[in-house]
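Asks: Got model27.tsv for you, TSV, C-alpha atoms and all ligand atoms:
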chain	number	residue	atom	x	y	z
A	836	MET	CA	16.68	-2.47	9.49
A	837	LEU	CA	13.11	-2.56	10.72
A	838	LYS	CA	12.14	0.15	13.17
A	839	ILE	CA	8.92	-0.23	15.16
A	840	VAL	CA	7.02	2.89	16.19
A	841	SER	CA	4.19	2.27	18.64
A	842	ALA	CA	1.04	4.37	18.35
A	843	ARG	CA	-1.72	4.82	20.94
A	844	ASP	CA	-4.60	4.30	18.52
A	845	TYR	CA	-5.65	4.65	14.88
A	846	ASP	CA	-5.52	8.47	14.87
A	847	ASP	CA	-2.08	8.49	16.44
A	848	MET	CA	-0.87	5.89	13.92
A	849	SER	CA	-2.28	7.98	11.06
A	850	ARG	CA	-0.66	11.21	12.28
A	851	LYS	CA	2.72	9.57	12.81
A	852	ALA	CA	2.61	8.00	9.33
A	853	ALA	CA	1.51	11.31	7.78
A	854	ASN	CA	4.37	13.06	9.58
A	855	ILE	CA	6.89	10.71	7.97
A	856	ILE	CA	5.36	11.13	4.47
A	857	SER	CA	5.11	14.87	4.92
A	858	ALA	CA	8.75	15.17	6.03
A	859	GLN	CA	9.80	13.17	2.97
A	860	VAL	CA	7.86	15.49	0.62
A	861	ILE	CA	9.11	18.65	2.35
A	862	LEU	CA	12.72	17.48	2.11
A	863	LYS	CA	12.34	16.27	-1.52
A	864	PRO	CA	9.43	18.03	-3.26
A	865	ASP	CA	9.75	15.83	-6.38
A	866	THR	CA	9.45	12.66	-4.31
A	867	VAL	CA	8.27	9.44	-5.94
A	868	LEU	CA	5.69	8.01	-3.56
A	869	GLY	CA	4.51	4.40	-3.66
A	870	LEU	CA	0.96	4.39	-2.32
A	871	ALA	CA	-1.43	1.83	-0.88
A	872	THR	CA	-5.16	1.38	-0.56
A	873	GLY	CA	-7.19	-0.45	2.10
A	874	SER	CA	-8.77	1.07	5.20
A	875	THR	CA	-5.54	1.47	7.15
A	876	PRO	CA	-3.88	4.37	5.26
A	877	ILE	CA	-7.08	6.46	4.92
A	878	GLY	CA	-6.41	8.36	8.17
A	879	ALA	CA	-2.89	9.26	7.01
A	880	TYR	CA	-4.24	10.52	3.66
A	881	HIS	CA	-6.84	12.64	5.44
A	882	GLN	CA	-4.19	14.08	7.75
A	883	LEU	CA	-2.01	14.99	4.75
A	884	ILE	CA	-5.02	16.69	3.10
A	885	ASP	CA	-5.50	18.72	6.27
A	886	TRP	CA	-1.85	19.80	6.35
A	887	TYR	CA	-2.00	20.61	2.62
A	888	LYS	CA	-5.05	22.85	3.23
A	889	LYS	CA	-3.17	24.61	6.03
A	890	GLY	CA	-0.25	25.22	3.65
A	891	ASP	CA	2.18	22.95	5.47
A	892	VAL	CA	2.92	20.53	2.62
A	893	GLY	CA	2.42	20.54	-1.16
A	894	PHE	CA	2.34	17.85	-3.81
A	895	SER	CA	2.75	19.78	-7.09
A	896	GLN	CA	5.96	17.95	-8.03
A	897	VAL	CA	5.17	14.58	-6.45
A	898	ARG	CA	4.69	11.46	-8.59
A	899	THR	CA	2.78	8.50	-7.21
A	900	TYR	CA	2.63	4.79	-8.09
A	901	ASN	CA	0.00	2.64	-6.42
A	902	LEU	CA	0.65	-0.94	-5.50
A	903	ASP	CA	-2.32	-2.65	-7.04
A	904	GLU	CA	-5.70	-2.65	-8.73
A	905	TYR	CA	-8.53	-5.12	-9.16
A	906	ARG	CA	-8.60	-6.73	-12.60
A	907	GLY	CA	-11.74	-5.92	-14.56
A	908	LEU	CA	-12.83	-2.72	-12.82
A	909	SER	CA	-12.97	0.51	-14.82
A	910	HIS	CA	-11.22	3.60	-13.43
A	911	ASP	CA	-14.57	5.16	-12.54
A	912	ASP	CA	-15.92	2.12	-10.72
A	913	PRO	CA	-16.38	3.23	-7.09
A	914	GLN	CA	-14.79	-0.07	-5.98
A	915	SER	CA	-11.66	0.48	-8.03
A	916	TYR	CA	-8.43	1.61	-6.42
A	917	HIS	CA	-8.24	4.40	-9.04
A	918	TYR	CA	-11.47	5.78	-7.61
A	919	PHE	CA	-10.36	5.18	-4.01
A	920	MET	CA	-7.19	7.22	-4.49
A	921	ARG	CA	-9.00	10.17	-6.05
A	922	ASP	CA	-11.75	10.06	-3.48
A	923	ASN	CA	-9.52	9.75	-0.42
A	924	PHE	CA	-6.47	11.74	-1.50
A	925	PHE	CA	-5.75	13.04	-5.00
A	926	ASP	CA	-8.91	15.12	-5.50
A	927	HIS	CA	-8.18	17.08	-2.31
A	928	ILE	CA	-4.53	18.05	-2.83
A	929	ASN	CA	-2.56	19.95	-5.48
A	930	ILE	CA	-1.21	16.87	-7.25
A	931	ASP	CA	-1.20	16.74	-11.06
A	932	LEU	CA	-3.38	13.70	-11.89
A	933	ASN	CA	-1.03	12.95	-14.81
A	934	ASN	CA	1.61	12.28	-12.17
A	935	THR	CA	-0.51	9.66	-10.41
A	936	HIS	CA	-0.36	6.04	-11.53
A	937	VAL	CA	-2.37	2.93	-10.69
A	938	PRO	CA	-2.15	-0.38	-12.59
A	939	ASP	CA	-4.72	-0.44	-15.39
A	940	GLY	CA	-7.31	-2.94	-14.14
A	941	ALA	CA	-9.52	-2.05	-17.11
A	942	ASN	CA	-6.98	-3.58	-19.51
A	943	PRO	CA	-8.00	-7.25	-19.89
A	944	ASP	CA	-4.56	-8.09	-21.33
A	945	ALA	CA	-2.87	-8.92	-18.03
A	946	GLU	CA	0.59	-9.36	-19.49
A	947	ALA	CA	0.53	-6.02	-21.31
A	948	ALA	CA	-1.00	-4.13	-18.38
A	949	CYS	CA	1.61	-5.49	-15.94
A	950	ALA	CA	4.60	-4.99	-18.28
A	951	GLU	CA	3.53	-1.42	-18.97
A	952	TYR	CA	3.19	-0.66	-15.27
A	953	ASP	CA	6.53	-2.24	-14.44
A	954	LYS	CA	8.21	-0.05	-17.02
A	955	MET	CA	6.56	3.09	-15.63
A	956	VAL	CA	7.72	2.35	-12.07
A	957	ALA	CA	11.24	1.51	-13.26
A	958	ASP	CA	11.44	4.64	-15.44
A	959	ALA	CA	10.47	6.71	-12.40
A	960	GLY	CA	13.48	5.20	-10.57
A	961	TYR	CA	11.29	3.34	-8.03
A	962	PRO	CA	9.68	4.99	-4.98
A	963	ASP	CA	11.65	7.10	-2.53
A	964	LEU	CA	9.02	6.12	0.01
A	965	GLN	CA	6.63	3.19	-0.27
A	966	LEU	CA	3.57	3.20	1.97
A	967	LEU	CA	2.25	-0.29	2.75
A	968	GLY	CA	-0.66	-1.82	4.58
A	969	ILE	CA	-0.57	-5.49	5.51
A	970	GLY	CA	-3.21	-8.16	4.92
A	971	ASN	CA	-4.43	-10.40	7.75
A	972	ASN	CA	-2.47	-13.21	6.07
A	973	GLY	CA	0.72	-11.15	5.71
A	974	HIS	CA	0.12	-10.06	2.13
A	975	ILE	CA	1.63	-6.82	0.83
A	976	GLY	CA	0.04	-5.17	-2.18
A	977	PHE	CA	-1.84	-8.21	-3.41
A	978	ASN	CA	1.15	-10.53	-3.06
A	979	GLU	CA	-0.53	-13.44	-1.35
A	980	PRO	CA	1.23	-16.24	0.61
A	981	ASP	CA	2.98	-18.44	-1.93
A	982	ASP	CA	5.94	-20.80	-2.28
A	983	HIS	CA	8.13	-18.09	-3.81
A	984	PHE	CA	8.51	-14.31	-3.64
A	985	SER	CA	7.20	-12.54	-6.74
A	986	LYS	CA	9.29	-10.18	-8.85
A	987	GLY	CA	7.61	-7.50	-10.99
A	988	THR	CA	3.99	-6.49	-11.55
A	989	HIS	CA	1.82	-9.52	-12.21
A	990	CYS	CA	-1.73	-10.81	-12.16
A	991	VAL	CA	-2.76	-12.71	-9.02
A	992	ASP	CA	-5.68	-14.87	-7.96
A	993	LEU	CA	-6.89	-13.51	-4.63
A	994	THR	CA	-7.12	-15.97	-1.74
A	995	GLU	CA	-10.45	-16.77	-0.11
A	996	SER	CA	-9.32	-14.96	3.06
A	997	THR	CA	-8.54	-11.76	1.13
A	998	ILE	CA	-11.81	-11.94	-0.81
A	999	LYS	CA	-13.64	-12.35	2.49
A	1000	ALA	CA	-11.72	-9.53	4.21
A	1001	ASN	CA	-12.28	-7.14	1.29
A	1002	SER	CA	-15.94	-8.09	0.84
A	1003	ARG	CA	-16.86	-5.63	3.61
A	1004	LEU	CA	-16.31	-2.88	1.05
A	1005	PHE	CA	-18.61	-4.49	-1.55
A	1006	GLU	CA	-22.35	-5.04	-1.48
A	1007	ARG	CA	-22.01	-8.82	-1.86
A	1008	GLU	CA	-19.05	-11.19	-1.54
A	1009	GLU	CA	-19.68	-12.35	-5.15
A	1010	ASP	CA	-18.95	-8.79	-6.31
A	1011	VAL	CA	-15.31	-8.88	-5.12
A	1012	PRO	CA	-13.08	-9.36	-8.16
A	1013	ARG	CA	-11.17	-12.64	-8.04
A	1014	GLN	CA	-8.00	-11.28	-9.61
A	1015	ALA	CA	-5.79	-8.22	-9.30
A	1016	TYR	CA	-2.68	-6.67	-10.84
A	1017	THR	CA	-0.05	-5.99	-8.21
A	1018	MET	CA	3.49	-4.72	-7.98
A	1019	GLY	CA	5.72	-7.66	-7.11
A	1020	VAL	CA	7.63	-8.14	-3.89
A	1021	GLN	CA	10.92	-7.41	-5.64
A	1022	THR	CA	9.58	-4.09	-6.92
A	1023	ILE	CA	8.39	-3.18	-3.42
A	1024	MET	CA	11.85	-3.99	-2.07
A	1025	TYR	CA	13.42	-1.52	-4.55
A	1026	ALA	CA	11.82	1.40	-2.67
A	1027	ARG	CA	14.42	3.37	-0.74
A	1028	MET	CA	12.25	3.58	2.36
A	1029	ILE	CA	9.19	1.53	3.31
A	1030	LEU	CA	6.52	2.73	5.74
A	1031	VAL	CA	4.12	0.03	6.95
A	1032	VAL	CA	0.94	0.97	8.79
A	1033	ALA	CA	-1.16	-1.50	10.79
A	1034	ASN	CA	-3.90	-1.27	13.36
A	1035	GLY	CA	-6.24	-3.59	15.20
A	1036	ALA	CA	-6.00	-7.06	16.70
A	1037	ALA	CA	-6.78	-8.78	13.37
A	1038	LYS	CA	-3.31	-7.71	12.17
A	1039	ALA	CA	-1.40	-8.86	15.29
A	1040	GLN	CA	-0.27	-12.23	13.91
A	1041	ALA	CA	0.73	-10.82	10.52
A	1042	VAL	CA	2.64	-7.96	12.20
A	1043	HIS	CA	4.42	-10.40	14.50
A	1044	ASP	CA	5.36	-12.71	11.61
A	1045	MET	CA	6.50	-9.77	9.50
A	1046	CYS	CA	8.86	-8.55	12.24
A	1047	PHE	CA	9.94	-11.71	14.02
A	1048	GLY	CA	8.87	-14.74	11.99
A	1049	PRO	CA	11.04	-16.60	9.51
A	1050	VAL	CA	11.57	-14.83	6.19
A	1051	THR	CA	9.26	-16.87	4.00
A	1052	PRO	CA	6.95	-16.29	1.04
A	1053	GLN	CA	4.22	-17.85	3.22
A	1054	CYS	CA	4.24	-14.43	4.92
A	1055	PRO	CA	5.17	-12.05	2.07
A	1056	ALA	CA	5.68	-9.12	4.49
A	1057	SER	CA	8.46	-11.05	6.27
A	1058	ILE	CA	10.87	-10.16	3.46
A	1059	LEU	CA	10.83	-6.60	4.79
A	1060	GLN	CA	13.24	-7.84	7.49
A	1061	LEU	CA	15.88	-7.84	4.74
A	1062	HIS	CA	15.21	-4.23	3.64
A	1063	PRO	CA	17.66	-1.59	4.93
A	1064	ASN	CA	15.07	1.06	5.83
A	1065	VAL	CA	11.62	-0.02	7.03
A	1066	VAL	CA	9.46	1.77	9.59
A	1067	LEU	CA	6.39	0.05	11.01
A	1068	VAL	CA	3.88	2.39	12.64
A	1069	ALA	CA	1.29	0.28	14.45
A	1070	ASP	CA	-1.19	0.65	17.28
A	1071	LYS	CA	-1.03	-1.33	20.51
A	1072	GLU	CA	-3.45	-4.00	19.34
A	1073	ALA	CA	-1.54	-4.71	16.15
A	1074	LEU	CA	1.66	-4.91	18.24
A	1075	SER	CA	0.12	-7.09	20.96
A	1076	LEU	CA	2.02	-10.25	19.93
A	1077	CYS	CA	5.34	-8.41	19.52
A	1078	GLU	CA	6.12	-7.87	23.23
B	1	LIG	N1	-4.51	-4.81	-1.59
B	1	LIG	C1	-4.80	-4.27	-0.30
B	1	LIG	C2	-3.52	-4.11	0.47
B	1	LIG	O1	-2.69	-3.16	-0.17
B	1	LIG	C3	-3.86	-3.71	1.89
B	1	LIG	O2	-2.69	-3.40	2.59
B	1	LIG	C4	-4.55	-4.83	2.59
B	1	LIG	C5	-5.04	-4.50	3.98
B	1	LIG	O3	-6.21	-3.74	3.93
B	1	LIG	P1	-6.79	-2.96	5.17
B	1	LIG	O4	-5.89	-1.80	5.42
B	1	LIG	O5	-8.16	-2.53	4.72
B	1	LIG	O6	-6.82	-3.92	6.31
B	1	LIG	O7	-5.60	-5.39	1.82
B	1	LIG	C6	-5.88	-5.04	0.51
B	1	LIG	O8	-6.21	-6.27	-0.02
Output the structure of this file as structure tokens.
Ligand SMILES: N[C@@H]1[C@@H](O)[C@H](O)[C@@H](COP(=O)(O)O)O[C@@H]1O

Replies:
Amino acid sequence: MLKIVSARDYDDMSRKAANIISAQVILKPDTVLGLATGSTPIGAYHQLIDWYKKGDVGFSQVRTYNLDEYRGLSHDDPQSYHYFMRDNFFDHINIDLNNTHVPDGANPDAEAACAEYDKMVADAGYPDLQLLGIGNNGHIGFNEPDDHFSKGTHCVDLTESTIKANSRLFEREEDVPRQAYTMGVQTIMYARMILVVANGAAKAQAVHDMCFGPVTPQCPASILQLHPNVVLVADKEALSLCE
């Protein structure tokens, strides 16, 4: 079942998403969280930091598994998702960094890096709650439109549209890595609950296709229609084609 929650704007979307994550962690302090990068979830992370500082929620027993990482970036590279997660979330809450996991983009052996990550996520029993953003082309994690749905963690070639979209965070478009390690669609579907966040008109088509389009690997997010417990929190612009 896919439940749509409409938010007024980015801040409202972020607070609503943070409320859902926070409730999950309060109810199950040793929650396994699947986490996402990108601009969209930053507001939710900052809201959770604020509630942590006020003593409303704690992360001492939480374990996290991120969706993806660029291949070839070291953990300390400011463009890496390792760095992003520390900078925007982990360094500001009481999480044990040993309990946080991101695919090892610094390992050039793609097969080994992906197999190792898959095993870690499986050993953790898969996320209780998976937070997801959505790409303009309907990608989730870095699972790009394709002719089949992917299974476990694997190495992907990023599409031109993703490289272009993500280049805003790099100095030059040439600096955007061309490959990434990402959890597969099947792994994402193993999460017991999935929380998708989306804002802005650029996401309207992808959000529409995710909710109401055919279930097809051409829009990887569309498979979420088959998951028993998905919540989409999106602002009005992202929902503008869903009326
Ligand atoms: N790999 C990430 C995704 O996990 C993210 O959901 C998406 C949207 O990013 P944003 O939230 O910045 O629009 O793009 C990136 O490529």

Asks: Using the file's own x, y and z axes, so that the box edges lie along x, y and z, what centre and edge lengths in Å (one decimal) does a box around every listed atom of ligand LIG 1 (chain B) get when 5 Å is added on each side? Give it as AutoDock Vina command-line options.

Replies:
--center_x -5.4 --center_y -4.0 --center_z 2.4 --size_x 15.5 --size_y 14.5 --size_z 17.9

Asks: May I ask which of the residues A:Val1050, A:Val1011, A:Ala957, A:Ile855 is the closest one to ligand LIG 1 (chain B), counting all atoms listed in the file?

Replies: A:Val1011

Asks: Calculated over all atoms listed in the file, which of the candidates A:Gly973, A:Pro980, A:Gly987, A:Pro913 has the smallest distance to ligand LIG 1 (chain B)?

Replies: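 Under the stated criterion, the closest residue is A:Gly973.
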
Asks: Kindly work out which residues sit at most 10 Å from ligand LIG 1 (chain B), using only C-alpha atoms and all ligand atoms, and give the list as a PyMOL selection string.

Replies: chain A and resi 870-877+901-905+916+966-979+993-994+996-1004+1015-1017+1031-1035+1037-1038

Asks: When you look at Ala1036 of chain A with a cut-off of 6 Å (counting all atoms listed in the file), what residues show up, excluding the ones that are within fewer than 3 positions of it in the same chain? I need them as JSON, numbers by chain.

Replies: {"A": [1039, 1072, 1073]}

Asks: Would you mind exporting the chosen residues as a PDB file, in the frame of the given file, restricted to C-alpha atoms?

Replies:
ATOM      1  CA  ALA A1039      -1.400  -8.860  15.290  1.00  0.00           C
ATOM      2  CA  GLU A1072      -3.450  -4.000  19.340  1.00  0.00           C
ATOM      3  CA  ALA A1073      -1.540  -4.710  16.150  1.00  0.00           C
TER       4      ALA A1073
END

Asks: Measuring between all atoms listed in the file, which one of A:Asp981, A:Leu837, A:Ser895, A:Asp847 shows the shortest distance to Ala1069 of chain A?

Replies: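 Comparing A:Asp981, A:Leu837, A:Ser895, A:Asp847 against Ala1069 of chain A, the winner is A:Asp847.
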
Asks: May I ask for the distance between atom CA of Arg921 of chain A and atom CA of Glu951 of chain A, given in Å to one decimal place?

Replies: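 Computed distance, atom CA of Arg921 of chain A to atom CA of Glu951 of chain A, equals 21.4 Å.
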
Asks: Nearest to Asp982 of chain A among A:Leu1067, A:Cys1054, A:Met836, A:Cys1046, with distances taken over all atoms listed in the file: which residue is it?

Replies: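 Using all atoms listed in the file, the shortest distance to Asp982 of chain A belongs to A:Cys1054.
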
Asks: Just checking: using all atoms listed in the file, which residue out of A:Asn933, A:Thr1051, A:Gln1021, A:Ser849 ends up closest to Lys986 of chain A?

Replies: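 Using all atoms listed in the file, Lys986 of chain A sits closest to A:Gln1021.
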
Asks: Could you work out how far atom CA of Asp963 of chain A lies from atom CA of Gly869 of chain A, giving the answer in Å with one decimal?

Replies: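 Separating atom CA of Gly869 of chain A from atom CA of Asp963 of chain A is a distance of 7.7 Å.
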
Asks: Kindly give the distance, in Å, that separates atom CA of Ser841 of chain A and atom CA of Leu862 of chain A, rounded to a single decimal.

Replies: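 Separating atom CA of Ser841 of chain A from atom CA of Leu862 of chain A is a distance of 24.0 Å.
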
Asks: Which residue out of A:Asp865, A:Asp992, A:Asp885, A:Asp931 has the minimum interatomic distance to Ala853 of chain A when only C-alpha atoms are used?

Replies: A:Asp885

Asks: Name all residues at most 8 Å from Lys838 of chain A (count all atoms listed in the file; drop same-chain ones fewer than 3 positions away) and give them as a list in words.

Replies: Asn1064, Val1065, Val1066 and Leu1067 of chain A
